[in-house]
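**Q** What follows is a structure written as structure tokens; I'll ask about it next.
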Amino acid sequence: STLVLLSGPASTYVDGQFVGHGEVPTVTTGEQFIVGLGINSSLRARRELLSRQESVQGGNRSVEFTYRLSIENFSDARIPVRMIDRLPSGRDHEIKTTLVSSDAKETQDPSFLKADRKKGMLRWDVDVPPRSVGLEAFGFNYRSRLEFDKGMTITSVLAVASAAP
């Protein structure tokens, strides 16, 4: 667009029906930005902790988590989905976080890798097959490792899934 959008609240409508509200950042002429258009009721995402293994070496604690991310697709069409999760982080590099492995290939989107991946975000762009529900739900596992001072405690984070643009 030739217009500049100023930051502020926004209400989103699709086909005349309200689907959500949120904040729009300041967007300059020609800049891209993401707008949430509400939920896709034919998808259901889940994040499950499969295992947690803890060990202590010297003054450091190491904790390995294995998670399963899954999506059920109740529609008759294949749906592209952007799955996002976050690795835990601490202040002043108190926690060293490593993605050990993933059954699915992480995104190679240059803008994501340049900005968000460096902030501990994980992203997979996947195609969820039609009618993949229940035991046939689409999913994959990934494993991460945290290393930190053995006197610290940690908490988990949430996963987010959204339909890809």
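If you're wondering about the labels, chains in the structure tokens are A, B, ... by order shown, residues count from 1 in each chain, ligands from 1 in order shown.
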Identify, on the basis of only C-alpha atoms, every residue whose closest approach to Asp116 of chain A does not exceed 12 Å; exclude the query and any residue fewer than 6 positions from it along the same chain; express the result as a PyMOL selection string.
**A** chain A and resi 84-87+107-110+122-123
**Q** Generate the output file for the selected residues, N, CA and C atoms, as an mmCIF file, in the first residue's frame.
**A**
```cif
data_model
loop_
_atom_site.group_PDB
_atom_site.id
_atom_site.type_symbol
_atom_site.label_atom_id
_atom_site.label_comp_id
_atom_site.auth_asym_id
_atom_site.auth_seq_id
_atom_site.Cartn_x
_atom_site.Cartn_y
_atom_site.Cartn_z
ATOM 1 N N ILE A 84 4.872 -22.903 16.077
ATOM 2 C CA ILE A 84 5.878 -22.090 16.755
ATOM 3 C C ILE A 84 5.963 -22.518 18.206
ATOM 4 N N ASP A 85 7.173 -22.654 18.692
ATOM 5 C CA ASP A 85 7.399 -22.914 20.100
ATOM 6 C C ASP A 85 8.559 -22.031 20.531
ATOM 7 N N ARG A 86 8.787 -21.954 21.821
ATOM 8 C CA ARG A 86 9.835 -21.082 22.347
ATOM 9 C C ARG A 86 10.721 -21.888 23.276
ATOM 10 N N LEU A 87 12.035 -21.735 23.094
ATOM 11 C CA LEU A 87 12.974 -22.313 24.037
ATOM 12 C C LEU A 87 13.047 -21.407 25.255
ATOM 13 N N THR A 107 12.024 -24.257 9.850
ATOM 14 C CA THR A 107 11.918 -23.328 8.732
ATOM 15 C C THR A 107 13.278 -22.755 8.359
ATOM 16 N N GLN A 108 13.440 -22.436 7.109
ATOM 17 C CA GLN A 108 14.659 -21.791 6.626
ATOM 18 C C GLN A 108 14.369 -20.360 6.174
ATOM 19 N N ASP A 109 13.224 -19.814 6.593
ATOM 20 C CA ASP A 109 12.833 -18.450 6.253
ATOM 21 C C ASP A 109 13.897 -17.478 6.775
ATOM 22 N N PRO A 110 14.591 -16.765 5.866
ATOM 23 C CA PRO A 110 15.691 -15.883 6.279
ATOM 24 C C PRO A 110 15.288 -14.814 7.293
ATOM 25 N N LEU A 122 11.304 -21.265 17.891
ATOM 26 C CA LEU A 122 11.393 -22.402 16.984
ATOM 27 C C LEU A 122 10.202 -22.327 16.046
ATOM 28 N N ARG A 123 10.415 -22.691 14.772
ATOM 29 C CA ARG A 123 9.303 -22.633 13.826
ATOM 30 C C ARG A 123 9.419 -23.755 12.809
#
```
**Q** Write down as a list of chain:residue names the residues of segment 64-118 of chain A whose backbone DSSP state falls under helix (DSSP H, G or I).
**A**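 Everything in segment 64-118 of chain A that counts as helix (DSSP H, G or I) is A:Arg91, A:Asp92, A:His93, A:Pro110, A:Ser111, A:Phe112, A:Leu113, A:Lys114, A:Ala115, A:Arg117, A:Lys118.
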**Q** Skip Gln57 of chain A itself and residues of its chain fewer than 4 positions away, then list as a PyMOL selection string all residues within 12 Å of it, counting only C-alpha atoms.
**A** chain A and resi 61-63+147-150
**Q** Got time to write the residues from that selection, all heavy atoms, as an mmCIF file, in the first residue's frame?
**A**
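Just written: out-v4.cif:
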```
data_model
loop_
_atom_site.group_PDB
_atom_site.id
_atom_site.type_symbol
_atom_site.label_atom_id
_atom_site.label_comp_id
_atom_site.auth_asym_id
_atom_site.auth_seq_id
_atom_site.Cartn_x
_atom_site.Cartn_y
_atom_site.Cartn_z
ATOM 1 N N ARG A 61 23.361 -27.963 36.275
ATOM 2 C CA ARG A 61 22.273 -28.918 36.087
ATOM 3 C C ARG A 61 21.944 -28.940 34.602
ATOM 4 O O ARG A 61 21.910 -27.906 33.944
ATOM 5 C CB ARG A 61 21.051 -28.479 36.894
ATOM 6 C CG ARG A 61 19.870 -29.423 36.817
ATOM 7 C CD ARG A 61 18.693 -28.923 37.648
ATOM 8 N NE ARG A 61 19.086 -28.500 38.976
ATOM 9 C CZ ARG A 61 19.097 -29.294 40.054
ATOM 10 N NH1 ARG A 61 18.765 -30.554 39.941
ATOM 11 N NH2 ARG A 61 19.447 -28.817 41.232
ATOM 12 N N SER A 62 21.700 -30.125 34.078
ATOM 13 C CA SER A 62 21.308 -30.294 32.687
ATOM 14 C C SER A 62 19.954 -30.992 32.668
ATOM 15 O O SER A 62 19.773 -32.024 33.323
ATOM 16 C CB SER A 62 22.349 -31.141 31.940
ATOM 17 O OG SER A 62 21.934 -31.384 30.621
ATOM 18 N N VAL A 63 19.010 -30.409 31.942
ATOM 19 C CA VAL A 63 17.676 -30.994 31.837
ATOM 20 C C VAL A 63 17.348 -31.129 30.353
ATOM 21 O O VAL A 63 17.445 -30.160 29.602
ATOM 22 C CB VAL A 63 16.601 -30.124 32.533
ATOM 23 C CG1 VAL A 63 15.247 -30.803 32.474
ATOM 24 C CG2 VAL A 63 16.989 -29.825 33.965
ATOM 25 N N GLU A 147 20.936 -25.981 30.269
ATOM 26 C CA GLU A 147 22.050 -26.101 31.199
ATOM 27 C C GLU A 147 22.097 -24.816 32.008
ATOM 28 O O GLU A 147 22.075 -23.721 31.440
ATOM 29 C CB GLU A 147 23.355 -26.319 30.444
ATOM 30 C CG GLU A 147 23.369 -27.623 29.658
ATOM 31 C CD GLU A 147 24.580 -27.754 28.775
ATOM 32 O OE1 GLU A 147 25.627 -28.179 29.293
ATOM 33 O OE2 GLU A 147 24.464 -27.408 27.580
ATOM 34 N N PHE A 148 22.149 -24.959 33.345
ATOM 35 C CA PHE A 148 22.095 -23.797 34.213
ATOM 36 C C PHE A 148 22.675 -24.160 35.572
ATOM 37 O O PHE A 148 22.920 -25.336 35.869
ATOM 38 C CB PHE A 148 20.658 -23.282 34.346
ATOM 39 C CG PHE A 148 19.664 -24.333 34.740
ATOM 40 C CD1 PHE A 148 19.326 -24.541 36.065
ATOM 41 C CD2 PHE A 148 19.071 -25.131 33.773
ATOM 42 C CE1 PHE A 148 18.413 -25.508 36.426
ATOM 43 C CE2 PHE A 148 18.154 -26.109 34.124
ATOM 44 C CZ PHE A 148 17.827 -26.297 35.454
ATOM 45 N N ASP A 149 22.877 -23.154 36.405
ATOM 46 C CA ASP A 149 23.389 -23.363 37.753
ATOM 47 C C ASP A 149 22.446 -24.278 38.526
ATOM 48 O O ASP A 149 21.227 -24.104 38.469
ATOM 49 C CB ASP A 149 23.519 -22.016 38.472
ATOM 50 C CG ASP A 149 24.122 -22.155 39.846
ATOM 51 O OD1 ASP A 149 23.347 -22.371 40.801
ATOM 52 O OD2 ASP A 149 25.362 -22.070 39.951
ATOM 53 N N LYS A 150 23.004 -25.253 39.245
ATOM 54 C CA LYS A 150 22.156 -26.239 39.920
ATOM 55 C C LYS A 150 21.272 -25.645 41.014
ATOM 56 O O LYS A 150 20.312 -26.277 41.447
ATOM 57 C CB LYS A 150 22.994 -27.390 40.474
ATOM 58 C CG LYS A 150 23.901 -27.030 41.617
ATOM 59 C CD LYS A 150 24.682 -28.253 42.065
ATOM 60 C CE LYS A 150 25.583 -27.918 43.238
ATOM 61 N NZ LYS A 150 26.347 -29.089 43.647
#
```
**Q** Could you please determine the separation between atom CA of Asp127 of chain A and atom CA of Leu43 of chain A in Å, to one decimal place?
**A** 12.0 Å
**Q** Leaving out Gly139 of chain A and any residue of its chain fewer than 5 positions from it, which residues lie within 8 Å of it when counting only C-alpha atoms, given as a list in words?
**A**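 Listing them by chain and then by number gives Arg68, Leu69, Ser70 and Ile71 of chain A.
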**Q** Store the residues picked out above in a file with all heavy atoms, as a compact mmCIF listing (two decimals), in the first residue's frame.
**A**
```txt
# COMPACT_ATOMS: atom_id res chain seq x y z
N ARG A 68 6.20 -33.54 22.10
CA ARG A 68 5.49 -33.91 20.87
C ARG A 68 4.54 -32.78 20.55
O ARG A 68 3.71 -32.39 21.38
CB ARG A 68 4.72 -35.20 21.04
CG ARG A 68 3.88 -35.55 19.81
CD ARG A 68 3.83 -37.03 19.56
NE ARG A 68 3.16 -37.36 18.32
CZ ARG A 68 3.76 -37.48 17.14
NH1 ARG A 68 5.06 -37.30 17.06
NH2 ARG A 68 3.08 -37.79 16.07
N LEU A 69 4.67 -32.23 19.34
CA LEU A 69 3.72 -31.24 18.83
C LEU A 69 2.83 -31.97 17.84
O LEU A 69 3.33 -32.67 16.95
CB LEU A 69 4.45 -30.10 18.12
CG LEU A 69 5.42 -29.27 18.97
CD1 LEU A 69 6.03 -28.17 18.11
CD2 LEU A 69 4.73 -28.68 20.17
N SER A 70 1.53 -31.83 18.00
CA SER A 70 0.61 -32.51 17.08
C SER A 70 -0.54 -31.59 16.72
O SER A 70 -0.90 -30.70 17.48
CB SER A 70 0.09 -33.81 17.68
OG SER A 70 -0.61 -33.58 18.87
N ILE A 71 -1.07 -31.85 15.52
CA ILE A 71 -2.22 -31.08 15.03
C ILE A 71 -3.22 -32.04 14.42
O ILE A 71 -2.86 -32.90 13.62
CB ILE A 71 -1.80 -30.05 13.96
CG1 ILE A 71 -0.85 -29.03 14.56
CG2 ILE A 71 -3.01 -29.36 13.38
CD1 ILE A 71 -0.49 -27.92 13.62
```
**Q** Go through A:Lys118, A:Asn60, A:Gly30, A:Ile39 one by one, measure the shortest atom-to-atom distance of each to Val14 of chain A using only C-alpha atoms, and give the residue with the smallest value.
**A** A:Ile39
**Q** Find, counting only C-alpha atoms, the residue in A:Ala137, A:Leu49, A:Ile95, A:Val24 that gets nearest to Thr12 of chain A.
**A**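 Of A:Ala137, A:Leu49, A:Ile95, A:Val24, the one nearest Thr12 of chain A, counting only C-alpha atoms, is A:Val24.
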**Q** Can you list, as a list in words, every protein, DNA or RNA residue that comes within 6 Å of segment 78-80 of chain A when you count only C-alpha atoms, leaving out same-chain residues fewer than 5 positions away?
**A**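 Result of the neighbour search: Val126, Asp127, Val128, Pro129, Pro130 and Ala164 of chain A.
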**Q** Write down as a PyMOL selection string the residues of segment 10-120 of chain A whose backbone DSSP state falls under strand (DSSP E or B).
**A** chain A and resi 10-14+17-24+27+43-57+60-73+79-86+95-102
**Q** Let me see the file: selected residues, C-alpha atoms, as a compact mmCIF listing (two decimals), in the first residue's frame.
**A**
```
# COMPACT_ATOMS: atom_id res chain seq x y z
CA ALA A 10 -7.43 -3.06 15.40
CA SER A 11 -10.64 -5.05 14.99
CA THR A 12 -10.61 -7.73 12.29
CA TYR A 13 -13.62 -8.77 10.20
CA VAL A 14 -13.89 -11.52 7.56
CA GLN A 17 -18.14 -11.06 10.74
CA PHE A 18 -15.94 -10.06 13.66
CA VAL A 19 -13.06 -12.54 14.13
CA GLY A 20 -10.80 -10.80 16.62
CA HIS A 21 -8.98 -7.76 17.85
CA GLY A 22 -5.37 -6.94 18.58
CA GLU A 23 -2.63 -4.41 18.02
CA VAL A 24 -1.19 -3.31 14.69
CA VAL A 27 3.96 -0.25 9.20
CA LEU A 43 -7.61 -27.49 13.44
CA ARG A 44 -6.66 -28.50 16.99
CA ALA A 45 -3.06 -28.25 18.24
CA ARG A 46 -1.49 -30.01 21.20
CA ARG A 47 1.91 -29.95 22.93
CA GLU A 48 2.80 -32.90 25.13
CA LEU A 49 5.84 -33.42 27.33
CA LEU A 50 7.04 -36.97 26.60
CA SER A 51 10.09 -37.08 28.85
CA ARG A 52 12.22 -35.02 31.20
CA GLN A 53 15.71 -36.21 32.10
CA GLU A 54 17.81 -34.35 34.64
CA SER A 55 21.45 -34.68 35.63
CA VAL A 56 24.02 -32.70 37.63
CA GLN A 57 27.64 -32.27 36.62
CA ASN A 60 25.59 -27.24 36.60
CA ARG A 61 22.27 -28.92 36.09
CA SER A 62 21.31 -30.29 32.69
CA VAL A 63 17.68 -30.99 31.84
CA GLU A 64 16.59 -32.61 28.56
CA PHE A 65 12.96 -32.30 27.46
CA THR A 66 11.29 -34.27 24.69
CA TYR A 67 8.05 -32.75 23.41
CA ARG A 68 5.49 -33.91 20.87
CA LEU A 69 3.72 -31.24 18.83
CA SER A 70 0.61 -32.51 17.08
CA ILE A 71 -2.22 -31.08 15.03
CA GLU A 72 -5.55 -32.61 14.19
CA ASN A 73 -7.11 -31.53 10.90
CA ILE A 79 -3.82 -27.21 5.45
CA PRO A 80 -0.46 -25.41 5.67
CA VAL A 81 0.33 -24.65 9.32
CA ARG A 82 3.09 -22.64 10.96
CA MET A 83 3.98 -24.28 14.28
CA ILE A 84 5.88 -22.09 16.76
CA ASP A 85 7.40 -22.91 20.10
CA ARG A 86 9.84 -21.08 22.35
CA ILE A 95 20.49 -20.57 30.96
CA LYS A 96 22.15 -22.20 27.95
CA THR A 97 19.46 -23.62 25.68
CA THR A 98 20.09 -26.03 22.81
CA LEU A 99 17.75 -27.64 20.30
CA VAL A 100 19.15 -31.18 20.32
CA SER A 101 16.98 -32.76 17.61
CA SER A 102 13.71 -32.46 15.71
```
**Q** From the set A:Gly58, A:Glu136, A:Lys105, A:Tyr142, which residue has the shortest atom-to-atom contact distance to Trp124 of chain A, counting only C-alpha atoms?
**A** A:Lys105
**Q** At what distance in Å, to one decimal, does atom CA of Met152 of chain A lie from atom CA of His93 of chain A?
**A**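 Computed distance, atom CA of His93 of chain A to atom CA of Met152 of chain A, equals 12.9 Å.
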**Q** Enter the distance from atom CA of Pro25 of chain A to atom CA of Lys119 of chain A, in Å, rounded to one decimal.
**A**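 Atom-to-atom, atom CA of Pro25 of chain A to atom CA of Lys119 of chain A, that is 19.2 Å.
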